[in-house]
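Working notes, beginning with the structure itself.
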Amino acid sequence: MPLFSAVMAKQPAHPSKARVPGVTREWITIPVAGKAREQWQVDVTYLTSNYRCLFGDGCCGVLSEPSAELSQGCCSYGAHANSDDDKRRVEKIAKQLTADEWQFIEIGKKKGVWRRSGRDEWVTRLHEDACVFLNRPGFERGPGCALHLLAERKQVHFSETKPTVCWQLPLREFDRDEEDGSVTHVLTEFARDGWGEGGTEFAWWCTEAAEAFSGSEPVYKSMEPELRAMMGNAVYDVLREHLDARLKTGSTVPHPASVPVQIGRTRHHPPV
């Protein structure tokens, strides 16, 4: 299966000492076998980075001020249902939670786990300024998602228990209709624009934070279960083979957030 590789936003041939690295993002396109009108466009720069989730390890959250002490991560506003099936699946799964896994189980049972947001949108209910599924500091099992604890008890991957947007984050997939009638599935990182206008108000966001790029392996390996669920095994296998080879050659583009900005000496003008 052929791959087309493209580097976006090339850096100048003679960069100055004081600069933000010019090469920002590289992509590859993977056609879907047997479906000539469908392909994946994949963000190589993010997937080969060593990003890791910092929840409970310095994550400052998504509020307008850094709020690591709240241990809310990206759960402050609730999770949007990906579809009606996603909504019903989470409702069914929530019934399997126990009181030692879910701090606000009585609220969830009484009021339901979803709230309407607009005409056809549903978001997980908020309680005490965050998602109702989020256990807070002081809870016996510690802060974190109750649905994650359920996955651990059932010994399954958390993609089987959490809302779709939650288990995919910070991966983001969206479809783009091409002029030739084909469909491109774009796979990249969940940046501020993924949150809409509200993302600009965050005081901090993890895929922009250098400290988040400190994992022991690249994203395409650390998030293999999520990627296989999103792309399918055949496409993932092609992707992994390509990225394994790229890492061996050391020819990947570093993620912008992982590269320190170098500041040169200040130029002083002679007195006049």
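Residue names in the structure tokens use chain letters A, B, ... in the order shown, residue numbers from 1 in each chain, and ligand numbers from 1 in the order shown.
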
**Those of region 14-241 of chain A in DSSP alpha helix (DSSP H), formatted as a PyMOL selection string** = chain A and resi 44-47+84-94+105-111+146-154+164-168+219-222+224-231+233-241

Identify, on the basis of only C-alpha atoms, every residue whose closest approach to Ala68 (chain A) does not exceed 8 Å; exclude the query and any residue fewer than 4 positions from it along the same chain; express the result as a CSV table (one decimal) with N, CA and C atoms, in the first residue's frame.
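The resulting file, part.csv, is reproduced below:
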```
chain,number,residue,atom,x,y,z
A,56,GLY,N,-2.7,14.1,37.1
A,56,GLY,CA,-2.2,13.8,38.4
A,56,GLY,C,-0.7,13.9,38.5
A,58,GLY,N,1.0,17.0,37.3
A,58,GLY,CA,1.4,18.4,36.9
A,58,GLY,C,0.4,18.9,35.9
A,59,CYS,N,-0.7,18.2,35.5
A,59,CYS,CA,-1.7,18.8,34.6
A,59,CYS,C,-2.3,20.0,35.2
A,60,CYS,N,-2.3,21.1,34.5
A,60,CYS,CA,-2.9,22.4,35.0
A,60,CYS,C,-4.3,22.6,34.7
A,61,GLY,N,-4.9,21.6,34.0
A,61,GLY,CA,-6.4,21.7,33.7
A,61,GLY,C,-6.7,22.6,32.5
A,72,GLN,N,-8.6,18.2,37.9
A,72,GLN,CA,-9.8,18.0,37.0
A,72,GLN,C,-9.3,17.6,35.6
A,73,GLY,N,-8.1,17.9,35.3
A,73,GLY,CA,-7.6,17.6,33.9
A,73,GLY,C,-8.5,18.3,32.9
```

Rank A:Gly198, A:Gly34, A:Gly138, A:Pro254 by their smallest atom-to-atom distance to Val62 (chain A), using only C-alpha atoms, and report the top residue only.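 Of the candidates, the smallest distance to Val62 (chain A) is held by A:Gly198.
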
Q) For Gln39 (chain A), which of A:Pro66, A:Pro170, A:Gly142, A:Gly181 is the closest residue, counting only C-alpha atoms? A)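 Answer, going by the shortest atom-to-atom distance: A:Gly181.
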
- Task: Identify, on the basis of only C-alpha atoms, every residue whose closest approach to Arg176 (chain A) does not exceed 9 Å; exclude the query and any residue fewer than 3 positions from it along the same chain; express the result as a list in words.
- Result: Ser182, Val183, Thr184, His185 and Val186 of chain A

**Request:** Kindly indicate which residue among A:Ile30, A:Leu63, A:Val219, A:Val44 lies nearest to Ser251 (chain A), using only C-alpha atoms for the distances.
**Result:**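 Answer, going by the shortest atom-to-atom distance: A:Val44.
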
What separates CA of Gly232 (chain A) and CA of Gln168 (chain A) is a distance of 14.0 Å

Per DSSP on the backbone, what are the strand (DSSP E) residues of region 52-269 of chain A, as a count of residues only? 24

**Message:** Could you tell me how far CA of Lys154 (chain A) sits from CA of Arg125 (chain A), in Å to one decimal place?
**Reply:**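 Going from CA of Arg125 (chain A) over to CA of Lys154 (chain A) covers 24.0 Å.
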